[in-house]
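Colleague: Can you read through this structure? Questions will come right after.
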Amino acid sequence: MRPLGMHHGTPPPLHRRHVLLGGAIALLGWPTLAADVGTRPALPAVTLLDGSRLDLSAPADVARVVVFWASYCPFCLRHNAHVEKLHRLAAGQRLQVLSVSQDTNPALVHPYLQRHGYTFPVTMDSTPMRAALSSRKVIPLTCALDRQGVLREMIPGEMFEEDVLGLIKLAA
């Protein structure tokens with residue numbers, strides 16, 4: 001039996017699944033998510049679940065990975081496990097992980113985070129974050145911004161662990 005993610009003995013190209021999905025979306029005439037890639041979105045200040053404020057508009061020379069998710073989404077559950085690993089890997093590096101819960105009730109989000117041992121920062125300010133990055137409602141949605149604040153990737157759907165962990169390259 002081949003290891004997960006292996007295709008005829010070689011690793012799959014990064015985001016192969018997402019490239020195929022993007023091609024299918026383009027063929028169907030749906031808007032793609034790549035329209036804002038290469039731009040520098042104006043990110044808002046947000047309130048984190050712990051009550052602290054995070055000003056994302058301030059230049060920080062820090063790359064950011066922003067993940068939109070919801071507690072009721074089974075794909076997000078698997079994806080967030082990889083996001084947690086990236087968050088821990090990024091400790092002490094120039095990469096900040098921020099997750100944006102699409103839930104409307106914080107009483108659902110807190111137990112979800114505790115149950116799964118997630119420690120990455122979470123905001124429920126999804127409306128201003130969606131306005132800044134993407135109006136598409138797909139979850140999970142991973143947005144990768146470089147250290148200059150330029151949106152480099154916008155990846156819809158669940159990602160492979162190695163692809164999520166590969167986003168650490170943004171810190172360089």
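FYI, nothing fancy with the structure tokens labels: chains A, B, ... in order, residues from 1 per chain, ligands from 1 as they appear.
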Show which residues sit within 8 Å of segment 159-165 of chain A, as a PyMOL selection string. Count only C-alpha atoms, and ignore same-chain residues fewer than 2 positions away.
Modeller: chain A and resi 14-15+79+82-83+85-86+157+167-168
Colleague: Using only C-alpha atoms, which residues sit within 7 Å of Leu48 of chain A once same-chain residues fewer than 3 positions away are excluded, as a JSON list (two decimals) with N, CA and C atoms, in the first residue's frame?
Modeller:
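Final output, out.json:
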```json
[["chain", "number", "residue", "atom", "x", "y", "z"],
["A", 51, "GLY", "N", -9.96, 38.38, 24.18],
["A", 51, "GLY", "CA", -10.30, 39.77, 24.45],
["A", 51, "GLY", "C", -9.24, 40.77, 24.01],
["A", 52, "SER", "N", -8.05, 40.32, 23.66],
["A", 52, "SER", "CA", -7.00, 41.24, 23.22],
["A", 52, "SER", "C", -7.26, 41.70, 21.78],
["A", 53, "ARG", "N", -6.67, 42.84, 21.43],
["A", 53, "ARG", "CA", -6.81, 43.38, 20.08],
["A", 53, "ARG", "C", -5.53, 43.10, 19.29],
["A", 121, "PRO", "N", -4.14, 31.65, 17.66],
["A", 121, "PRO", "CA", -5.06, 32.76, 17.94],
["A", 121, "PRO", "C", -6.32, 32.67, 17.08],
["A", 122, "VAL", "N", -7.44, 33.04, 17.67],
["A", 122, "VAL", "CA", -8.73, 32.96, 16.99],
["A", 122, "VAL", "C", -9.46, 34.29, 17.13],
["A", 123, "THR", "N", -10.02, 34.75, 16.03],
["A", 123, "THR", "CA", -10.93, 35.88, 16.06],
["A", 123, "THR", "C", -12.27, 35.43, 15.48]]
```
Colleague: Under the rule that only C-alpha atoms are counted, which of A:Val100, A:Cys143, A:Ala131, A:Leu113 is the nearest residue to Pro44 of chain A?
Modeller: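 Smallest separation from Pro44 of chain A among the options: A:Ala131.
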Colleague: Which residue is closest to Asp103 of chain A? Choose from A:Cys73, A:Gln148, A:Val66, A:Leu54 and count only C-alpha atoms.
Modeller: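 Ranking A:Cys73, A:Gln148, A:Val66, A:Leu54 by distance to Asp103 of chain A, first place goes to A:Cys73.
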Colleague: Compile the contact shell of Glu158 of chain A as a list in words: residues with an atom at most 12 Å away, counting only C-alpha atoms, same-chain residues fewer than 6 positions apart removed.
Modeller: His15, Arg16, Arg17, His18, Leu21, Val67, Phe68, Trp69, Cys73, Pro74, Phe75, Cys76, Leu77, Arg78, His79, Asn80, Ala81, His82, Val83, Val138, Ile139, Pro140, Leu141, Thr142 and Val164 of chain A
Colleague: Show me, as a PDB file with N, CA and C atoms, in the first residue's frame, the residues that have an atom within 12 Å of Ala144 of chain A when counting only C-alpha atoms, minus same-chain residues fewer than 5 positions from it.
Modeller:
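Here's the written file selection13.pdb:
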```
ATOM      1  N   ALA A  34      -8.188  33.724  -7.097  1.00  0.00           N
ATOM      2  CA  ALA A  34      -6.866  34.272  -7.370  1.00  0.00           C
ATOM      3  C   ALA A  34      -6.878  35.759  -7.707  1.00  0.00           C
ATOM      4  N   ASP A  36      -7.226  38.468  -6.058  1.00  0.00           N
ATOM      5  CA  ASP A  36      -6.521  39.358  -5.148  1.00  0.00           C
ATOM      6  C   ASP A  36      -5.082  38.933  -4.870  1.00  0.00           C
ATOM      7  N   VAL A  37      -4.656  37.784  -5.395  1.00  0.00           N
ATOM      8  CA  VAL A  37      -3.285  37.339  -5.168  1.00  0.00           C
ATOM      9  C   VAL A  37      -2.340  38.337  -5.824  1.00  0.00           C
ATOM     10  N   GLY A  38      -1.290  38.712  -5.100  1.00  0.00           N
ATOM     11  CA  GLY A  38      -0.328  39.690  -5.602  1.00  0.00           C
ATOM     12  C   GLY A  38      -0.618  41.105  -5.140  1.00  0.00           C
ATOM     13  N   THR A  39      -1.742  41.296  -4.450  1.00  0.00           N
ATOM     14  CA  THR A  39      -2.072  42.622  -3.927  1.00  0.00           C
ATOM     15  C   THR A  39      -1.766  42.672  -2.434  1.00  0.00           C
ATOM     16  N   ARG A  40      -1.800  43.864  -1.908  1.00  0.00           N
ATOM     17  CA  ARG A  40      -1.573  44.056  -0.470  1.00  0.00           C
ATOM     18  C   ARG A  40      -2.889  44.492   0.166  1.00  0.00           C
ATOM     19  N   PRO A  41      -3.676  43.523   0.674  1.00  0.00           N
ATOM     20  CA  PRO A  41      -4.974  43.886   1.248  1.00  0.00           C
ATOM     21  C   PRO A  41      -4.816  44.689   2.538  1.00  0.00           C
ATOM     22  N   VAL A  62       6.271  40.614   9.473  1.00  0.00           N
ATOM     23  CA  VAL A  62       5.872  39.263   9.839  1.00  0.00           C
ATOM     24  C   VAL A  62       4.919  38.735   8.770  1.00  0.00           C
ATOM     25  N   ALA A  63       5.203  37.535   8.289  1.00  0.00           N
ATOM     26  CA  ALA A  63       4.282  36.882   7.360  1.00  0.00           C
ATOM     27  C   ALA A  63       3.067  36.414   8.152  1.00  0.00           C
ATOM     28  N   ARG A  64       1.954  36.263   7.459  1.00  0.00           N
ATOM     29  CA  ARG A  64       0.733  35.830   8.132  1.00  0.00           C
ATOM     30  C   ARG A  64       0.053  34.727   7.339  1.00  0.00           C
ATOM     31  N   VAL A  65      -0.456  33.747   8.073  1.00  0.00           N
ATOM     32  CA  VAL A  65      -1.321  32.726   7.507  1.00  0.00           C
ATOM     33  C   VAL A  65      -2.659  32.890   8.208  1.00  0.00           C
ATOM     34  N   VAL A  66      -3.683  33.195   7.432  1.00  0.00           N
ATOM     35  CA  VAL A  66      -5.021  33.427   7.958  1.00  0.00           C
ATOM     36  C   VAL A  66      -5.906  32.295   7.453  1.00  0.00           C
ATOM     37  N   VAL A  67      -6.558  31.615   8.387  1.00  0.00           N
ATOM     38  CA  VAL A  67      -7.397  30.471   8.027  1.00  0.00           C
ATOM     39  C   VAL A  67      -8.829  30.719   8.495  1.00  0.00           C
ATOM     40  N   PHE A  68      -9.759  30.663   7.551  1.00  0.00           N
ATOM     41  CA  PHE A  68     -11.187  30.760   7.851  1.00  0.00           C
ATOM     42  C   PHE A  68     -11.721  29.349   8.062  1.00  0.00           C
ATOM     43  N   LEU A  95       6.509  34.471  11.419  1.00  0.00           N
ATOM     44  CA  LEU A  95       5.261  33.982  10.849  1.00  0.00           C
ATOM     45  C   LEU A  95       4.204  33.963  11.944  1.00  0.00           C
ATOM     46  N   GLN A  96       3.073  34.553  11.651  1.00  0.00           N
ATOM     47  CA  GLN A  96       1.957  34.600  12.590  1.00  0.00           C
ATOM     48  C   GLN A  96       0.781  33.842  11.981  1.00  0.00           C
ATOM     49  N   VAL A  97       0.221  32.955  12.744  1.00  0.00           N
ATOM     50  CA  VAL A  97      -0.973  32.224  12.330  1.00  0.00           C
ATOM     51  C   VAL A  97      -2.168  32.879  13.020  1.00  0.00           C
ATOM     52  N   LEU A  98      -3.195  33.150  12.245  1.00  0.00           N
ATOM     53  CA  LEU A  98      -4.438  33.696  12.780  1.00  0.00           C
ATOM     54  C   LEU A  98      -5.582  32.910  12.172  1.00  0.00           C
ATOM     55  N   SER A  99      -6.485  32.459  13.009  1.00  0.00           N
ATOM     56  CA  SER A  99      -7.655  31.763  12.478  1.00  0.00           C
ATOM     57  C   SER A  99      -8.893  32.626  12.697  1.00  0.00           C
ATOM     58  N   LEU A 133     -10.067  40.028   2.617  1.00  0.00           N
ATOM     59  CA  LEU A 133      -9.381  38.952   1.898  1.00  0.00           C
ATOM     60  C   LEU A 133     -10.219  38.257   0.831  1.00  0.00           C
ATOM     61  N   GLY A 149       3.246  41.931   3.498  1.00  0.00           N
ATOM     62  CA  GLY A 149       1.798  42.040   3.523  1.00  0.00           C
ATOM     63  C   GLY A 149       1.129  41.749   2.197  1.00  0.00           C
ATOM     64  N   VAL A 150       1.877  41.192   1.239  1.00  0.00           N
ATOM     65  CA  VAL A 150       1.318  40.857  -0.075  1.00  0.00           C
ATOM     66  C   VAL A 150       0.691  39.472  -0.006  1.00  0.00           C
ATOM     67  N   LEU A 151      -0.532  39.375  -0.498  1.00  0.00           N
ATOM     68  CA  LEU A 151      -1.240  38.102  -0.527  1.00  0.00           C
ATOM     69  C   LEU A 151      -0.598  37.216  -1.587  1.00  0.00           C
ATOM     70  N   ARG A 152       0.011  36.121  -1.160  1.00  0.00           N
ATOM     71  CA  ARG A 152       0.734  35.233  -2.072  1.00  0.00           C
ATOM     72  C   ARG A 152      -0.087  34.032  -2.504  1.00  0.00           C
ATOM     73  N   GLU A 153      -0.930  33.523  -1.615  1.00  0.00           N
ATOM     74  CA  GLU A 153      -1.751  32.363  -1.946  1.00  0.00           C
ATOM     75  C   GLU A 153      -3.093  32.474  -1.248  1.00  0.00           C
ATOM     76  N   MET A 154      -4.121  31.974  -1.944  1.00  0.00           N
ATOM     77  CA  MET A 154      -5.441  31.842  -1.358  1.00  0.00           C
ATOM     78  C   MET A 154      -5.918  30.451  -1.749  1.00  0.00           C
ATOM     79  N   ILE A 155      -5.970  29.566  -0.770  1.00  0.00           N
ATOM     80  CA  ILE A 155      -6.182  28.149  -1.043  1.00  0.00           C
ATOM     81  C   ILE A 155      -7.507  27.702  -0.446  1.00  0.00           C
ATOM     82  N   PRO A 156      -8.483  27.379  -1.305  1.00  0.00           N
ATOM     83  CA  PRO A 156      -9.772  26.912  -0.806  1.00  0.00           C
ATOM     84  C   PRO A 156      -9.713  25.435  -0.443  1.00  0.00           C
ATOM     85  N   ASP A 163       1.613  20.576   2.923  1.00  0.00           N
ATOM     86  CA  ASP A 163       1.370  21.855   2.269  1.00  0.00           C
ATOM     87  C   ASP A 163       1.159  22.963   3.306  1.00  0.00           C
ATOM     88  N   VAL A 164       0.418  22.667   4.367  1.00  0.00           N
ATOM     89  CA  VAL A 164       0.211  23.656   5.430  1.00  0.00           C
ATOM     90  C   VAL A 164       1.554  23.967   6.091  1.00  0.00           C
ATOM     91  N   LEU A 165       2.308  22.933   6.442  1.00  0.00           N
ATOM     92  CA  LEU A 165       3.600  23.158   7.090  1.00  0.00           C
ATOM     93  C   LEU A 165       4.578  23.854   6.157  1.00  0.00           C
ATOM     94  N   GLY A 166       4.417  23.668   4.862  1.00  0.00           N
ATOM     95  CA  GLY A 166       5.275  24.339   3.877  1.00  0.00           C
ATOM     96  C   GLY A 166       5.106  25.849   3.871  1.00  0.00           C
ATOM     97  N   LEU A 167       4.017  26.349   4.435  1.00  0.00           N
ATOM     98  CA  LEU A 167       3.808  27.798   4.494  1.00  0.00           C
ATOM     99  C   LEU A 167       4.814  28.490   5.411  1.00  0.00           C
ATOM    100  N   ILE A 168       5.582  27.736   6.168  1.00  0.00           N
ATOM    101  CA  ILE A 168       6.626  28.317   7.016  1.00  0.00           C
ATOM    102  C   ILE A 168       7.640  29.067   6.164  1.00  0.00           C
ATOM    103  N   LYS A 169       7.710  28.734   4.888  1.00  0.00           N
ATOM    104  CA  LYS A 169       8.652  29.408   3.971  1.00  0.00           C
ATOM    105  C   LYS A 169       8.395  30.912   3.908  1.00  0.00           C
ATOM    106  N   LEU A 170       7.189  31.340   4.228  1.00  0.00           N
ATOM    107  CA  LEU A 170       6.861  32.756   4.200  1.00  0.00           C
ATOM    108  C   LEU A 170       7.668  33.546   5.222  1.00  0.00           C
ATOM    109  N   ALA A 171       8.139  32.884   6.269  1.00  0.00           N
ATOM    110  CA  ALA A 171       8.897  33.563   7.322  1.00  0.00           C
ATOM    111  C   ALA A 171      10.297  33.950   6.857  1.00  0.00           C
TER     112      ALA A 171
END
```
Colleague: Taking the backbone alone, and naming residues the way the document does, which bits of segment 36-126 of chain A are strand (DSSP E) by DSSP, as a PyMOL selection string?
Modeller: chain A and resi 45-47+53-55+63-69+95-101+122-123
Colleague: Take the selection from the previous step and output its residues with N, CA and C atoms, as an mmCIF file, in the first residue's frame.
Modeller:
```cif
data_model
loop_
_atom_site.group_PDB
_atom_site.id
_atom_site.type_symbol
_atom_site.label_atom_id
_atom_site.label_comp_id
_atom_site.auth_asym_id
_atom_site.auth_seq_id
_atom_site.Cartn_x
_atom_site.Cartn_y
_atom_site.Cartn_z
ATOM 1 N N ALA A 45 -7.990 45.719 12.238
ATOM 2 C CA ALA A 45 -7.700 45.310 13.614
ATOM 3 C C ALA A 45 -8.833 44.370 14.026
ATOM 4 N N VAL A 46 -8.496 43.317 14.755
ATOM 5 C CA VAL A 46 -9.505 42.344 15.169
ATOM 6 C C VAL A 46 -9.394 42.089 16.670
ATOM 7 N N THR A 47 -10.475 41.593 17.227
ATOM 8 C CA THR A 47 -10.489 41.194 18.633
ATOM 9 C C THR A 47 -10.349 39.678 18.676
ATOM 10 N N ARG A 53 -6.674 42.838 21.429
ATOM 11 C CA ARG A 53 -6.810 43.382 20.077
ATOM 12 C C ARG A 53 -5.527 43.098 19.295
ATOM 13 N N LEU A 54 -5.693 42.800 18.036
ATOM 14 C CA LEU A 54 -4.567 42.545 17.144
ATOM 15 C C LEU A 54 -4.724 43.469 15.956
ATOM 16 N N ASP A 55 -3.787 44.411 15.799
ATOM 17 C CA ASP A 55 -3.838 45.363 14.693
ATOM 18 C C ASP A 55 -3.058 44.789 13.530
ATOM 19 N N ALA A 63 5.203 37.535 8.289
ATOM 20 C CA ALA A 63 4.282 36.882 7.360
ATOM 21 C C ALA A 63 3.067 36.414 8.152
ATOM 22 N N ARG A 64 1.954 36.263 7.459
ATOM 23 C CA ARG A 64 0.733 35.830 8.132
ATOM 24 C C ARG A 64 0.053 34.727 7.339
ATOM 25 N N VAL A 65 -0.456 33.747 8.073
ATOM 26 C CA VAL A 65 -1.321 32.726 7.507
ATOM 27 C C VAL A 65 -2.659 32.890 8.208
ATOM 28 N N VAL A 66 -3.683 33.195 7.432
ATOM 29 C CA VAL A 66 -5.021 33.427 7.958
ATOM 30 C C VAL A 66 -5.906 32.295 7.453
ATOM 31 N N VAL A 67 -6.558 31.615 8.387
ATOM 32 C CA VAL A 67 -7.397 30.471 8.027
ATOM 33 C C VAL A 67 -8.829 30.719 8.495
ATOM 34 N N PHE A 68 -9.759 30.663 7.551
ATOM 35 C CA PHE A 68 -11.187 30.760 7.851
ATOM 36 C C PHE A 68 -11.721 29.349 8.062
ATOM 37 N N TRP A 69 -12.512 29.145 9.120
ATOM 38 C CA TRP A 69 -13.001 27.810 9.467
ATOM 39 C C TRP A 69 -14.271 27.931 10.303
ATOM 40 N N LEU A 95 6.509 34.471 11.419
ATOM 41 C CA LEU A 95 5.261 33.982 10.849
ATOM 42 C C LEU A 95 4.204 33.963 11.944
ATOM 43 N N GLN A 96 3.073 34.553 11.651
ATOM 44 C CA GLN A 96 1.957 34.600 12.590
ATOM 45 C C GLN A 96 0.781 33.842 11.981
ATOM 46 N N VAL A 97 0.221 32.955 12.744
ATOM 47 C CA VAL A 97 -0.973 32.224 12.330
ATOM 48 C C VAL A 97 -2.168 32.879 13.020
ATOM 49 N N LEU A 98 -3.195 33.150 12.245
ATOM 50 C CA LEU A 98 -4.438 33.696 12.780
ATOM 51 C C LEU A 98 -5.582 32.910 12.172
ATOM 52 N N SER A 99 -6.485 32.459 13.009
ATOM 53 C CA SER A 99 -7.655 31.763 12.478
ATOM 54 C C SER A 99 -8.893 32.626 12.697
ATOM 55 N N VAL A 100 -9.823 32.488 11.759
ATOM 56 C CA VAL A 100 -11.044 33.281 11.774
ATOM 57 C C VAL A 100 -12.220 32.316 11.820
ATOM 58 N N SER A 101 -12.864 32.243 12.967
ATOM 59 C CA SER A 101 -14.010 31.357 13.122
ATOM 60 C C SER A 101 -15.242 31.980 12.476
ATOM 61 N N VAL A 122 -7.439 33.042 17.671
ATOM 62 C CA VAL A 122 -8.728 32.961 16.988
ATOM 63 C C VAL A 122 -9.457 34.292 17.135
ATOM 64 N N THR A 123 -10.021 34.746 16.033
ATOM 65 C CA THR A 123 -10.935 35.884 16.057
ATOM 66 C C THR A 123 -12.270 35.430 15.483
#
```
Colleague: So, counting only C-alpha atoms, which residue among A:Arg115, A:Arg147, A:His110, A:Arg88 is closest to Ala58 of chain A?
Modeller: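 Going through A:Arg115, A:Arg147, A:His110, A:Arg88 one by one, the smallest distance to Ala58 of chain A is for A:Arg147.
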Colleague: One number please: atom CA of Tyr112 of chain A to atom CA of Met124 of chain A, in Å, one decimal.
Modeller: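 Atom CA of Tyr112 of chain A sits 13.6 Å away from atom CA of Met124 of chain A.
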Colleague: Taking the chain letters and numbering used in this document, name the residues of segment 9-157 of chain A that DSSP puts in alpha helix (DSSP H), as a ChimeraX atom specification.
Modeller: /A:16-28,74-89,106-116,126-133
Colleague: Pick from A:Gln102, A:Ala90, A:Ala70, A:Pro111: nearest to Thr127 of chain A, with only C-alpha atoms counted?
Modeller: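 Answer, going by the shortest atom-to-atom distance: A:Gln102.
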